[in-house]
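Asker: My questions all concern the structure below.
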Number of protein chains: 2
Amino acid sequence: MRDDIFPFKWTEVQFVYTIAIWILIASIARILFSYLKFLTKWLPDSSLIIIVGLLLGFVLHLTSLNGASLDAEIFFLYLLPPIIFDAGYFMPNRAFFKNIDSILLFSLLGTVWNCFAIGGSLLLLSKYDVFSVQFSTFEIFIFASLVSASDPVAIIVVFEEIHVNEFLFINVFGEALFNDAISVVLYNMFISFLARDLATLNLWDYASRGLSFFVVALGGVAIGVVFAFATSLATKYTHGIKIVAPVLIFLIPYMGYLTAEMVSFSAIIAIAVCGMVMKQYVKGNITNSAANSVKYFTKIISQTSEIVIYMFLGLSTVSADHYFDVLFIAATIFFTLFYRTLGVLFQCYFLNKFRSEQFKLQDQFILAYGGLKGAIAYGLVVSIPAAVSAKPMFITTTIALIYFNVFIQGITIRPLINLLKIKTEEEKTVTMTESVYNKYLDYMMTGIEDIAGQKGHYNLVARFERFNSSILKPIFMRHQKREKNDFASVIRSYEKLILEDALEKIKNNRLNSTELNLDSFLQPGEDMEQLYTLFGEFLKKRGGIEGNGRSEDDIQDDYFAEVQAHECTNFGTELKEIENKDA
Amino acid sequence: MRDDIFPFKWTEVQFVYTIAIWILIASIARILFSYLKFLTKWLPDSSLIIIVGLLLGFVLHLTSLNGASLDAEIFFLYLLPPIIFDAGYFMPNRAFFKNIDSILLFSLLGTVWNCFAIGGSLLLLSKYDVFSVQFSTFEIFIFASLVSASDPVAIIVVFEEIHVNEFLFINVFGEALFNDAISVVLYNMFISFLARDLATLNLWDYASRGLSFFVVALGGVAIGVVFAFATSLATKYTHGIKIVAPVLIFLIPYMGYLTAEMVSFSAIIAIAVCGMVMKQYVKGNITNSAANSVKYFTKIISQTSEIVIYMFLGLSTVSADHYFDVLFIAATIFFTLFYRTLGVLFQCYFLNKFRSEQFKLQDQFILAYGGLKGAIAYGLVVSIPAAVSAKPMFITTTIALIYFNVFIQGITIRPLINLLKIKTEEEKTVTMTESVYNKYLDYMMTGIEDIAGQKGHYNLVARFERFNSSILKPIFMRHQKREKNDFASVIRSYEKLILEDALEKIKNNRLNSTELNLDSFLQPGEDMEQLYTLFGEFLKKRGGIEGNGRSEDDIQDDYFAEVQAHECTNFGTELKEIENKDA
């Protein structure tokens with residue numbers, strides 16, 4: 001009778017309910033961790049989430065419920081794109097292009113070197129029957145290709161909690177983003193070689209694969225740029241119907257990712273580039289409040305994806321078919337660290353000859369030690385054809401390697417940074433002078449290059465900026481008239497910063513005394529009236545300043561600032577609490 | 001060779017790519033419509049989207065590609081919840097509780113009346129062999145139950161574009177939300193009776209189903225309240241980890257929906273109530289910027305769902321197995337309109353005897369004419385067991401009914417409102433006085449009731465507010481100390497409005513002249529210094545005022561205000577454009 005009127009419909013909601021419960025558990029766990037400060041001091045969030053996933057996996061295992069494992073398709077189609085889009089959208093473009101030489105070298109040459117050195121060494125050891133399972137040459141190189149690329153997700157979650165300087169961060173992170181192309185090419189190459197005999201492979205087979213790297217990488221970049229332009233152009237016309245803009249901002253880059261995935265270009269590069277390129281145009285096309293919401297939601301979706309990935313990883317550890325070979329695991333971990341260090345040392349020696357900003361020895365250590373592997377490797381290893389008899393050993397080893405990276409390296413990297421006295425960026429307050437000066441310096445460097453007759457980096461940047469503001473911006477942005485790129489933007493950012501500083505002063509003042517002390521923020525030569533006008537201006541300009549209410553945003557405009565913001569917000573809330581106690 | 005290096009992986013991305021393309025087409029269509037003002041003047045957006053869906057369906061049909069149809073599971077598990085959550089979250093609670101009597105009467109008695117009157121009439125006609133397909137008593141009552149309830153989604157999309165007053169809107173919309181319980185009960189009852197013989201049914205069968213209504217409705221309410229409290233409590237502790245709060249704000253209500261769905265309570269009521277209850281607590285627990293993003297995203301997800309639903313509806317029209325019976329369609333449309341009008345007239349006559357705010361004859365007309373049917377009916381009709389031989393006819397008729405409602409009624413309702421001279425709310429500027437006065441009036445009415453010895457509506461409201469601020473708020477909100485509910489809140493809202501008005505004046509002033517004209521916003525007795533202090537106060541208080549930057553938000557705090565906001569924002573952008581031309 002009861003079933004008749006109130007049928008219990010578990011099967012219908014099972015799938016989505018399970019996902020919801022996982023996210024809920026992970027969210028509650030994160031809330032708990034935020035109170036267990038003594039724990040998170042030395043254990044990164046990511047490792048805590050994996051532990052929760054592991055515990056949950058054991059519970060499901062004991063109750064003989066079905067412990068789900070990370071499905072490669074779900075991972076690559078749904079969980080990975082938000083994280084990479086987030087990375088691209090919050091990428092500090094300026095720092096990225098400044099280090100493009102080292103990033104490309106690390107991600108291209110470094111990864112190839114790692115792959116062949118690791119694969120070759122493991123192959124050599126297996127000839128001496130060190131490992132309990134046999135594998136062919138191509139099989140071990142498939143494995144080597146997936147453990148040789150560092151993982152942007154792992155690096156984000158670990159580096160979000162340690163505070164290295166921007167120079168180091170952008171190098172480690174940029175490499176992780178862009179080594180995807182080479183790692184995809186290597187992986188696909190060895191998978192396609194699997195079915196064939198080593199003897200039948202001719203030079204063309206190798207050469208075509210080598211060339212295909214450029215197609216995969218540049219194809220990814222091209223798709224990213226095209227979809228970024230499409231997004232910018234589409235949002236340009238959304239002022240009549242505001243709700244549509246944020247939909248397009250997520251939808252079109254995601255379609256770019258899917259398109260790249262479909263034609264086997266680097267989807268990661270595509271969506272990262274798309275985020276980097278579209279950012280500046282899109283922001284001008286939507287309202288402040290929409291821009292802020294987009295920022296917020298990018299963060300929310302990407303962090304939720306990260307949690308689900310690490311949760312899944314914990315669950316998968318319990319439910320996977322394991323084959324432990326301690327020697328193979330130990331050899332893999334040793335070789336990944338050893339050859340990476342070797343590669344970094346060599347590449348940095350080479351780079352330091354040509355660069356003004358040098359890689360110091362401590363920097364090189366963090367570059368080597370911070371090349372963490374993560375969930376992407378796991379997603380690739382479970383996609384290896386089942387015909388490969390060593391697959392269970394590869395899976396177990398990959399999981400062990402990820403655990404070693406996230407737990408051992410993730411936990412020790414902070415003390416090591418302190419030990420090595422690496423400059424960590426404190427609360428990054430770009431002062432008015434600094435910000436204007438940066439821009440000014442660029443123009444000066446361009447001038448110097450011009451005089452010296454060199455067509456160098458700064459000249460290229462200046463050329464692009466001219467092209468951008470005279471051609472691209474008018475096409476992709478609303479109310480953007482063709483204008484010569486003059487110093488107006490410098491003046492504008494100066495104005496903006498003056499206004500923000502004024503606000504900051506007021507705020508600080510209000511914290512210290514309940515009465516307004518006017519004199520404290522009057523500069524010599526200013527009177528009240530001027531200050532007042534400033535406020536009027538400020539209130540009016542709020543609308544015009546592109547989503548930069550530094551004092552209001554929870555989410556920063558650029559990835560590095562976001563990473564740094566942790567401490568500032570904590571500081572902010574503490575201040576507030578003190579204030580509340582006083583009241 | 002090419003396939004080897006760059007395999008074309010369409011099948012892997014097909015599902016999600018298809019969805020993405022639909023949303024993209026719908027978004028671009030909406031952007032185009034926003035430029036075709038002459039079209040949208042008399043054709044609602046929803047009907048335009050259906051037309052796009054129809055065209056797309058025809059194209060897919062002609063190219064013999066698979067034209068997808070709206071899957072009931074996808075509809076009820078993924079597309080419906082965001083729309084209803086949005087409705088609950090933006091519900092003007094005050095107006096809702098003021099009209100709770102009429103809403104409950106319409107949604108309960110009105111729906112039962114419609115169902116039995118429509119079903120009975122159609123059954124009677126079929127006895128005279130008017131229709132080409134035979135159906136049993138229970139079969140026609142299944143159909144009657146799904147065409148007798150008005151649809152919140154259809155009502156939102158149509159009423160968003162016409163601007164009726166709040167009183168009418170809340171009655172039509174509230175009924176549509178809450179008649180879900182009765183319609184679910186009736187539908188499930190007749191489905192469960194299908195397998196049984198009419199003769200074997202005893203009184204208990206009917207009585208138990210009648211009673212089950214209360215379980216379904218109150219169970220939905222209970223689940224909604226519990227999950228709202230859970231959300232509030234969870235967000236209370238998220239200040240250390242801000243990104244988690246918005247995740248929980250969407251996740252927990254959605255789990256409430258799934259839970260209600262699972263135990264066969266009214267999931268629609270559950271998530272609507274959850275949104276209504278949690279709103280006030282949650283807003284105090286998260287930052288302004290998070291609150292604003294949540295508002296934005298609720299809108300984005302719900303509007304995207306609406307679009308996808310109407311797109312699907314267009315596609316389904318082409319791909320469904322149709323069985324046209326023009327007489328059955330005509331009879332259904334006539335009976336739904338006729339009996340609804342009859343029911344509304346009778347119920348309003350009864351309600352007017354007890355209410356201070358009367359339903360005028362024009363109001364009654366809109367109540368009857370605005371009871372639109374929509375996608376929920378379609379979701380239910382495709383879920384009818386295939387054994388029912390009249391199912392194709394029911395599907396075709398339901399689609400025809402929805403088209404009639406969205407096109408004919410959706411298009412004619414605006415001219416009719418103008419014709420009937422129904423008070424449409426203009427730009428709803430709650431002035432300072434009005435807002436304070438509303439609150440003040442409540443207290444006064446409570447006093448009058450107290451003096452008169454009545455325990456009436458206002459007394460109940462006042463009691464709840466005392467309970468809320470002394471017990472519930474301290475439990476569910478941060479920094480909320482137990483406090484007596486006094487006039488402090490009145491004073492606070494007065495302060496808030498003064499500050500907002502000051503800002504408004506500045507802004508208007510800035511629009512009219514480029515120079516600041518200080519005198520214009522100095523009130524008698526005020527000097528510059530005071531005004532300046534006001535600004536300092538305002539800037540400080542911005543953080544404290546609960547997400548109410550009326551001048552900044554794209555998204556309004558309450559559904560009705562949102563509905564009205566269309567015009568204001570258009571007005572705003574026009575002003576801006578004029579300003580830009582001047583510059």
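FYI, nothing fancy with the structure tokens labels: chains A, B, ... in order, residues from 1 per chain, ligands from 1 as they appear.
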Return the neighbours of chain B among the residues of chain A, cut-off 6 Å, counting only C-alpha atoms, as a list in words.
Answerer: Phe6, Phe8, Lys9, Trp10, Ser34, Gly240, Ile243, Met262, Val263, Ser264, Ser293 and Ile300 of chain A
Asker: Put those residues in a file: all heavy atoms, as an mmCIF file, in the first residue's frame.
Answerer:
```
data_model
loop_
_atom_site.group_PDB
_atom_site.id
_atom_site.type_symbol
_atom_site.label_atom_id
_atom_site.label_comp_id
_atom_site.auth_asym_id
_atom_site.auth_seq_id
_atom_site.Cartn_x
_atom_site.Cartn_y
_atom_site.Cartn_z
ATOM 1 N N PHE A 6 3.468 6.271 -2.153
ATOM 2 C CA PHE A 6 4.763 6.932 -2.073
ATOM 3 C C PHE A 6 5.874 5.997 -2.525
ATOM 4 O O PHE A 6 6.625 5.493 -1.697
ATOM 5 C CB PHE A 6 5.050 7.384 -0.637
ATOM 6 C CG PHE A 6 4.032 8.331 -0.119
ATOM 7 C CD1 PHE A 6 3.186 7.967 0.915
ATOM 8 C CD2 PHE A 6 3.908 9.593 -0.667
ATOM 9 C CE1 PHE A 6 2.246 8.854 1.401
ATOM 10 C CE2 PHE A 6 2.967 10.473 -0.183
ATOM 11 C CZ PHE A 6 2.126 10.098 0.853
ATOM 12 N N PHE A 8 9.302 4.595 -3.405
ATOM 13 C CA PHE A 8 10.642 5.059 -3.040
ATOM 14 C C PHE A 8 11.530 4.952 -4.276
ATOM 15 O O PHE A 8 11.884 3.869 -4.726
ATOM 16 C CB PHE A 8 11.169 4.187 -1.894
ATOM 17 C CG PHE A 8 12.465 4.700 -1.334
ATOM 18 C CD1 PHE A 8 12.477 5.813 -0.503
ATOM 19 C CD2 PHE A 8 13.659 4.067 -1.620
ATOM 20 C CE1 PHE A 8 13.663 6.288 0.028
ATOM 21 C CE2 PHE A 8 14.857 4.547 -1.100
ATOM 22 C CZ PHE A 8 14.855 5.646 -0.270
ATOM 23 N N LYS A 9 11.874 6.117 -4.845
ATOM 24 C CA LYS A 9 12.520 6.109 -6.151
ATOM 25 C C LYS A 9 14.016 6.363 -6.044
ATOM 26 O O LYS A 9 14.505 7.377 -6.518
ATOM 27 C CB LYS A 9 11.847 7.157 -7.041
ATOM 28 C CG LYS A 9 10.386 6.836 -7.314
ATOM 29 C CD LYS A 9 9.760 7.852 -8.232
ATOM 30 C CE LYS A 9 9.247 9.066 -7.488
ATOM 31 N NZ LYS A 9 8.414 9.958 -8.288
ATOM 32 N N TRP A 10 14.753 5.449 -5.414
ATOM 33 C CA TRP A 10 16.188 5.638 -5.241
ATOM 34 C C TRP A 10 16.938 5.526 -6.560
ATOM 35 O O TRP A 10 17.790 6.352 -6.875
ATOM 36 C CB TRP A 10 16.748 4.666 -4.218
ATOM 37 C CG TRP A 10 18.254 4.607 -4.198
ATOM 38 C CD1 TRP A 10 19.042 3.547 -4.516
ATOM 39 C CD2 TRP A 10 19.159 5.676 -3.856
ATOM 40 N NE1 TRP A 10 20.365 3.864 -4.384
ATOM 41 C CE2 TRP A 10 20.474 5.172 -3.996
ATOM 42 C CE3 TRP A 10 18.994 7.000 -3.478
ATOM 43 C CZ2 TRP A 10 21.614 5.935 -3.743
ATOM 44 C CZ3 TRP A 10 20.134 7.768 -3.240
ATOM 45 C CH2 TRP A 10 21.414 7.247 -3.364
ATOM 46 N N SER A 34 39.037 24.158 7.871
ATOM 47 C CA SER A 34 39.311 25.577 8.064
ATOM 48 C C SER A 34 39.311 25.934 9.557
ATOM 49 O O SER A 34 39.812 26.981 9.942
ATOM 50 C CB SER A 34 38.306 26.433 7.296
ATOM 51 O OG SER A 34 37.076 26.497 7.978
ATOM 52 N N GLY A 240 21.698 44.223 -24.175
ATOM 53 C CA GLY A 240 20.236 44.258 -24.083
ATOM 54 C C GLY A 240 19.691 43.109 -23.263
ATOM 55 O O GLY A 240 18.533 43.122 -22.844
ATOM 56 N N ILE A 243 21.781 38.584 -18.905
ATOM 57 C CA ILE A 243 21.936 37.245 -18.348
ATOM 58 C C ILE A 243 22.662 36.311 -19.323
ATOM 59 O O ILE A 243 23.298 35.343 -18.909
ATOM 60 C CB ILE A 243 20.539 36.681 -17.992
ATOM 61 C CG1 ILE A 243 19.996 37.365 -16.746
ATOM 62 C CG2 ILE A 243 20.553 35.197 -17.806
ATOM 63 C CD1 ILE A 243 20.775 37.087 -15.497
ATOM 64 N N MET A 262 37.980 16.894 -29.796
ATOM 65 C CA MET A 262 37.381 16.135 -30.882
ATOM 66 C C MET A 262 38.385 15.901 -32.011
ATOM 67 O O MET A 262 38.478 14.807 -32.544
ATOM 68 C CB MET A 262 36.161 16.885 -31.398
ATOM 69 C CG MET A 262 35.296 16.131 -32.361
ATOM 70 S SD MET A 262 33.728 17.003 -32.575
ATOM 71 C CE MET A 262 34.233 18.449 -33.491
ATOM 72 N N VAL A 263 39.127 16.950 -32.371
ATOM 73 C CA VAL A 263 40.084 16.800 -33.475
ATOM 74 C C VAL A 263 41.468 16.413 -32.959
ATOM 75 O O VAL A 263 42.448 16.486 -33.707
ATOM 76 C CB VAL A 263 40.166 18.090 -34.325
ATOM 77 C CG1 VAL A 263 38.821 18.374 -34.961
ATOM 78 C CG2 VAL A 263 40.625 19.268 -33.500
ATOM 79 N N SER A 264 41.551 16.010 -31.676
ATOM 80 C CA SER A 264 42.805 15.539 -31.067
ATOM 81 C C SER A 264 43.917 16.584 -31.031
ATOM 82 O O SER A 264 45.087 16.237 -31.053
ATOM 83 C CB SER A 264 43.312 14.269 -31.763
ATOM 84 O OG SER A 264 42.388 13.242 -31.608
ATOM 85 N N SER A 293 30.617 38.104 -10.813
ATOM 86 C CA SER A 293 29.962 36.800 -10.683
ATOM 87 C C SER A 293 30.681 35.747 -11.510
ATOM 88 O O SER A 293 30.806 34.603 -11.079
ATOM 89 C CB SER A 293 28.504 36.889 -11.124
ATOM 90 O OG SER A 293 27.824 37.797 -10.311
ATOM 91 N N ILE A 300 34.405 28.769 -8.147
ATOM 92 C CA ILE A 300 33.563 27.760 -7.501
ATOM 93 C C ILE A 300 33.583 26.458 -8.291
ATOM 94 O O ILE A 300 33.806 25.377 -7.741
ATOM 95 C CB ILE A 300 32.117 28.267 -7.360
ATOM 96 C CG1 ILE A 300 32.057 29.344 -6.283
ATOM 97 C CG2 ILE A 300 31.174 27.121 -7.010
ATOM 98 C CD1 ILE A 300 30.732 30.025 -6.197
#
```
Asker: Show me, as a tab-separated table (two decimals) with C-alpha atoms, in the first residue's frame, the residues that have an atom within 9 Å of segment 95-98 of chain B when counting only C-alpha atoms, minus same-chain residues fewer than 4 positions from it.
Answerer:
```
chain	number	residue	atom	x	y	z
B	91	MET	CA	10.01	35.12	-3.88
B	103	ILE	CA	-2.83	30.97	-2.95
B	166	GLU	CA	2.55	42.42	-7.29
B	167	PHE	CA	-0.82	41.36	-5.90
B	170	ILE	CA	1.99	36.59	-6.40
B	171	ASN	CA	-1.45	34.98	-6.65
B	174	GLY	CA	2.06	31.18	-5.85
B	457	HIS	CA	-2.63	37.73	10.62
B	461	VAL	CA	3.59	37.78	11.69
```
Asker: If we count only C-alpha atoms, what is near Lys421 of chain B at a cut-off of 12 Å, once residues fewer than 6 positions away on the same chain are taken out, given as a PDB file with N, CA and C atoms, in the first residue's frame?
Answerer:
```
ATOM      1  N   VAL B 164       2.372  43.152 -14.545  1.00  0.00           N
ATOM      2  CA  VAL B 164       1.187  43.286 -13.695  1.00  0.00           C
ATOM      3  C   VAL B 164       1.633  43.707 -12.306  1.00  0.00           C
ATOM      4  N   ASN B 165       0.688  44.049 -11.457  1.00  0.00           N
ATOM      5  CA  ASN B 165       1.059  44.449 -10.113  1.00  0.00           C
ATOM      6  C   ASN B 165       1.378  43.234  -9.255  1.00  0.00           C
ATOM      7  N   LYS B 360     -10.680  42.337  -7.826  1.00  0.00           N
ATOM      8  CA  LYS B 360     -11.603  43.017  -8.731  1.00  0.00           C
ATOM      9  C   LYS B 360     -11.875  42.127  -9.939  1.00  0.00           C
ATOM     10  N   LEU B 361     -12.873  42.507 -10.722  1.00  0.00           N
ATOM     11  CA  LEU B 361     -13.269  41.656 -11.846  1.00  0.00           C
ATOM     12  C   LEU B 361     -12.131  41.495 -12.863  1.00  0.00           C
ATOM     13  N   GLN B 362     -11.391  42.600 -13.074  1.00  0.00           N
ATOM     14  CA  GLN B 362     -10.258  42.491 -13.996  1.00  0.00           C
ATOM     15  C   GLN B 362      -9.198  41.523 -13.460  1.00  0.00           C
ATOM     16  N   ASP B 363      -8.963  41.623 -12.151  1.00  0.00           N
ATOM     17  CA  ASP B 363      -7.997  40.709 -11.530  1.00  0.00           C
ATOM     18  C   ASP B 363      -8.412  39.266 -11.773  1.00  0.00           C
ATOM     19  N   PHE B 365     -10.148  38.077 -14.111  1.00  0.00           N
ATOM     20  CA  PHE B 365      -9.939  37.683 -15.498  1.00  0.00           C
ATOM     21  C   PHE B 365      -8.495  37.243 -15.718  1.00  0.00           C
ATOM     22  N   ILE B 366      -7.544  38.041 -15.208  1.00  0.00           N
ATOM     23  CA  ILE B 366      -6.121  37.690 -15.393  1.00  0.00           C
ATOM     24  C   ILE B 366      -5.783  36.399 -14.648  1.00  0.00           C
ATOM     25  N   ARG B 414      -0.929  40.772 -22.842  1.00  0.00           N
ATOM     26  CA  ARG B 414      -0.507  42.155 -22.643  1.00  0.00           C
ATOM     27  C   ARG B 414      -1.538  43.157 -23.178  1.00  0.00           C
ATOM     28  N   PRO B 415      -1.971  43.006 -24.442  1.00  0.00           N
ATOM     29  CA  PRO B 415      -3.035  43.898 -24.913  1.00  0.00           C
ATOM     30  C   PRO B 415      -4.282  43.842 -24.033  1.00  0.00           C
TER      31      PRO B 415
END
```
Asker: Skip Leu194 of chain A itself and residues of its chain fewer than 2 positions away, then list as a PDB file with N, CA, C and O atoms, in the first residue's frame all residues within 10 Å of it, counting only C-alpha atoms.
Answerer:
```
ATOM      1  N   SER A 136      56.742  -4.315 -22.873  1.00  0.00           N
ATOM      2  CA  SER A 136      57.466  -4.049 -24.109  1.00  0.00           C
ATOM      3  C   SER A 136      58.024  -2.629 -24.082  1.00  0.00           C
ATOM      4  O   SER A 136      57.713  -1.840 -23.186  1.00  0.00           O
ATOM      5  N   THR A 137      58.839  -2.300 -25.063  1.00  0.00           N
ATOM      6  CA  THR A 137      59.437  -0.963 -25.148  1.00  0.00           C
ATOM      7  C   THR A 137      58.362   0.121 -25.192  1.00  0.00           C
ATOM      8  O   THR A 137      58.418   1.100 -24.452  1.00  0.00           O
ATOM      9  N   PHE A 138      57.366  -0.078 -26.092  1.00  0.00           N
ATOM     10  CA  PHE A 138      56.343   0.958 -26.235  1.00  0.00           C
ATOM     11  C   PHE A 138      55.482   1.067 -24.988  1.00  0.00           C
ATOM     12  O   PHE A 138      55.059   2.158 -24.612  1.00  0.00           O
ATOM     13  N   GLU A 139      55.232  -0.073 -24.362  1.00  0.00           N
ATOM     14  CA  GLU A 139      54.412  -0.047 -23.144  1.00  0.00           C
ATOM     15  C   GLU A 139      55.049   0.812 -22.068  1.00  0.00           C
ATOM     16  O   GLU A 139      54.396   1.641 -21.436  1.00  0.00           O
ATOM     17  N   ILE A 142      54.796   4.451 -22.974  1.00  0.00           N
ATOM     18  CA  ILE A 142      53.456   5.004 -22.680  1.00  0.00           C
ATOM     19  C   ILE A 142      53.413   5.466 -21.228  1.00  0.00           C
ATOM     20  O   ILE A 142      53.030   6.593 -20.916  1.00  0.00           O
ATOM     21  N   ASN A 188      49.869   9.462 -27.314  1.00  0.00           N
ATOM     22  CA  ASN A 188      49.172   8.938 -28.495  1.00  0.00           C
ATOM     23  C   ASN A 188      50.122   8.234 -29.447  1.00  0.00           C
ATOM     24  O   ASN A 188      49.773   7.229 -30.060  1.00  0.00           O
ATOM     25  N   MET A 189      51.330   8.752 -29.556  1.00  0.00           N
ATOM     26  CA  MET A 189      52.305   8.148 -30.451  1.00  0.00           C
ATOM     27  C   MET A 189      52.613   6.722 -29.999  1.00  0.00           C
ATOM     28  O   MET A 189      52.522   5.778 -30.790  1.00  0.00           O
ATOM     29  N   PHE A 190      52.931   6.550 -28.731  1.00  0.00           N
ATOM     30  CA  PHE A 190      53.298   5.223 -28.253  1.00  0.00           C
ATOM     31  C   PHE A 190      52.101   4.272 -28.265  1.00  0.00           C
ATOM     32  O   PHE A 190      52.251   3.087 -28.534  1.00  0.00           O
ATOM     33  N   ILE A 191      50.893   4.821 -27.978  1.00  0.00           N
ATOM     34  CA  ILE A 191      49.689   3.978 -28.050  1.00  0.00           C
ATOM     35  C   ILE A 191      49.515   3.485 -29.483  1.00  0.00           C
ATOM     36  O   ILE A 191      49.230   2.304 -29.719  1.00  0.00           O
ATOM     37  N   SER A 192      49.716   4.372 -30.482  1.00  0.00           N
ATOM     38  CA  SER A 192      49.507   3.971 -31.874  1.00  0.00           C
ATOM     39  C   SER A 192      50.607   3.033 -32.353  1.00  0.00           C
ATOM     40  O   SER A 192      50.410   2.232 -33.252  1.00  0.00           O
ATOM     41  N   ARG A 196      52.033  -2.185 -33.551  1.00  0.00           N
ATOM     42  CA  ARG A 196      52.972  -2.462 -34.634  1.00  0.00           C
ATOM     43  C   ARG A 196      54.295  -3.003 -34.103  1.00  0.00           C
ATOM     44  O   ARG A 196      54.640  -2.823 -32.935  1.00  0.00           O
ATOM     45  N   ASP A 197      54.990  -3.616 -34.983  1.00  0.00           N
ATOM     46  CA  ASP A 197      56.283  -4.162 -34.602  1.00  0.00           C
ATOM     47  C   ASP A 197      57.336  -3.061 -34.658  1.00  0.00           C
ATOM     48  O   ASP A 197      57.300  -2.204 -35.530  1.00  0.00           O
ATOM     49  N   LEU A 198      58.258  -3.128 -33.721  1.00  0.00           N
ATOM     50  CA  LEU A 198      59.307  -2.111 -33.658  1.00  0.00           C
ATOM     51  C   LEU A 198      60.086  -2.048 -34.976  1.00  0.00           C
ATOM     52  O   LEU A 198      60.455  -0.976 -35.457  1.00  0.00           O
ATOM     53  N   PRO A 385      45.127   0.732 -23.095  1.00  0.00           N
ATOM     54  CA  PRO A 385      44.383  -0.456 -23.546  1.00  0.00           C
ATOM     55  C   PRO A 385      44.558  -1.625 -22.573  1.00  0.00           C
ATOM     56  O   PRO A 385      45.653  -1.837 -22.031  1.00  0.00           O
ATOM     57  N   ALA A 387      44.835  -4.584 -23.111  1.00  0.00           N
ATOM     58  CA  ALA A 387      45.741  -5.625 -23.616  1.00  0.00           C
ATOM     59  C   ALA A 387      47.131  -5.520 -22.994  1.00  0.00           C
ATOM     60  O   ALA A 387      47.879  -6.502 -22.952  1.00  0.00           O
ATOM     61  N   VAL A 388      47.489  -4.334 -22.517  1.00  0.00           N
ATOM     62  CA  VAL A 388      48.804  -4.160 -21.895  1.00  0.00           C
ATOM     63  C   VAL A 388      48.799  -4.886 -20.553  1.00  0.00           C
ATOM     64  O   VAL A 388      48.074  -4.505 -19.629  1.00  0.00           O
TER      65      VAL A 388
END
```
Asker: Calculate how many Å separate atom CA of Thr298 of chain B from atom CA of Gly275 of chain B, rounding to one decimal.
Answerer: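 Calculated distance between atom CA of Thr298 of chain B and atom CA of Gly275 of chain B is 10.8 Å.
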Asker: Could you tell me how far atom CA of Leu108 of chain A lies from atom CA of Ala377 of chain A, in Å and to one decimal?
Answerer: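 Calculated distance between atom CA of Leu108 of chain A and atom CA of Ala377 of chain A is 17.3 Å.
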Asker: Quick one: residues within 8 Å of Ala270 of chain A, only C-alpha atoms, excluding same-chain residues fewer than 4 positions away - as number ranges by chain?
Answerer: A: 219-225, 256-257, 260, 266, 274
Asker: May I have the residues from that selection written out with C-alpha atoms, as a compact mmCIF listing (two decimals), in the first residue's frame?
Answerer:
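part-v1.txt was written with the following content:
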```txt
# COMPACT_ATOMS: atom_id res chain seq x y z
CA GLY A 219 46.20 23.81 -33.28
CA GLY A 220 45.27 24.12 -29.61
CA VAL A 221 46.48 27.72 -29.54
CA ALA A 222 44.57 28.52 -32.74
CA ILE A 223 41.33 27.01 -31.45
CA GLY A 224 41.81 28.89 -28.19
CA VAL A 225 42.27 32.22 -29.96
CA GLY A 256 36.57 25.23 -27.74
CA TYR A 257 37.85 22.58 -25.35
CA ALA A 260 40.10 20.59 -29.66
CA SER A 266 45.58 19.90 -27.13
CA CYS A 274 40.98 31.00 -24.71
```
Asker: Here is a test: counting only C-alpha atoms, which residue of B:Ile182, B:Ile413, B:Ala195, B:Met477 is nearest to Leu43 of chain B?
Answerer: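 Looking only at the distances to Leu43 of chain B, the closest residue turns out to be B:Ile413.
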Asker: Skipping near chain neighbours, those fewer than 5 positions away, what residues fall within 12 Å of Ile329 of chain B using only C-alpha atoms, listed as a PyMOL selection string?
Answerer: chain B and resi 122+130-132+147+323-324+334-336+393-404
Asker: Quick check, in Å to one decimal: how far apart do atom CA of Ile307 of chain A and atom CA of Phe15 of chain B lie?
Answerer: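 Those two atoms sit 24.4 Å apart.
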Asker: Can you list every residue in segment 212-372 of chain B that DSSP puts in helix (DSSP H, G or I), as an MDAnalysis selection string?
Answerer: chainID B and resid 212:236 244:262 267:285 288:319 326:352 361:369
Asker: Nearest residue to Lys391 of chain A out of A:Ala320, A:Ala267, A:Leu203, A:Ile19, using only C-alpha atoms?
Answerer: A:Ala320
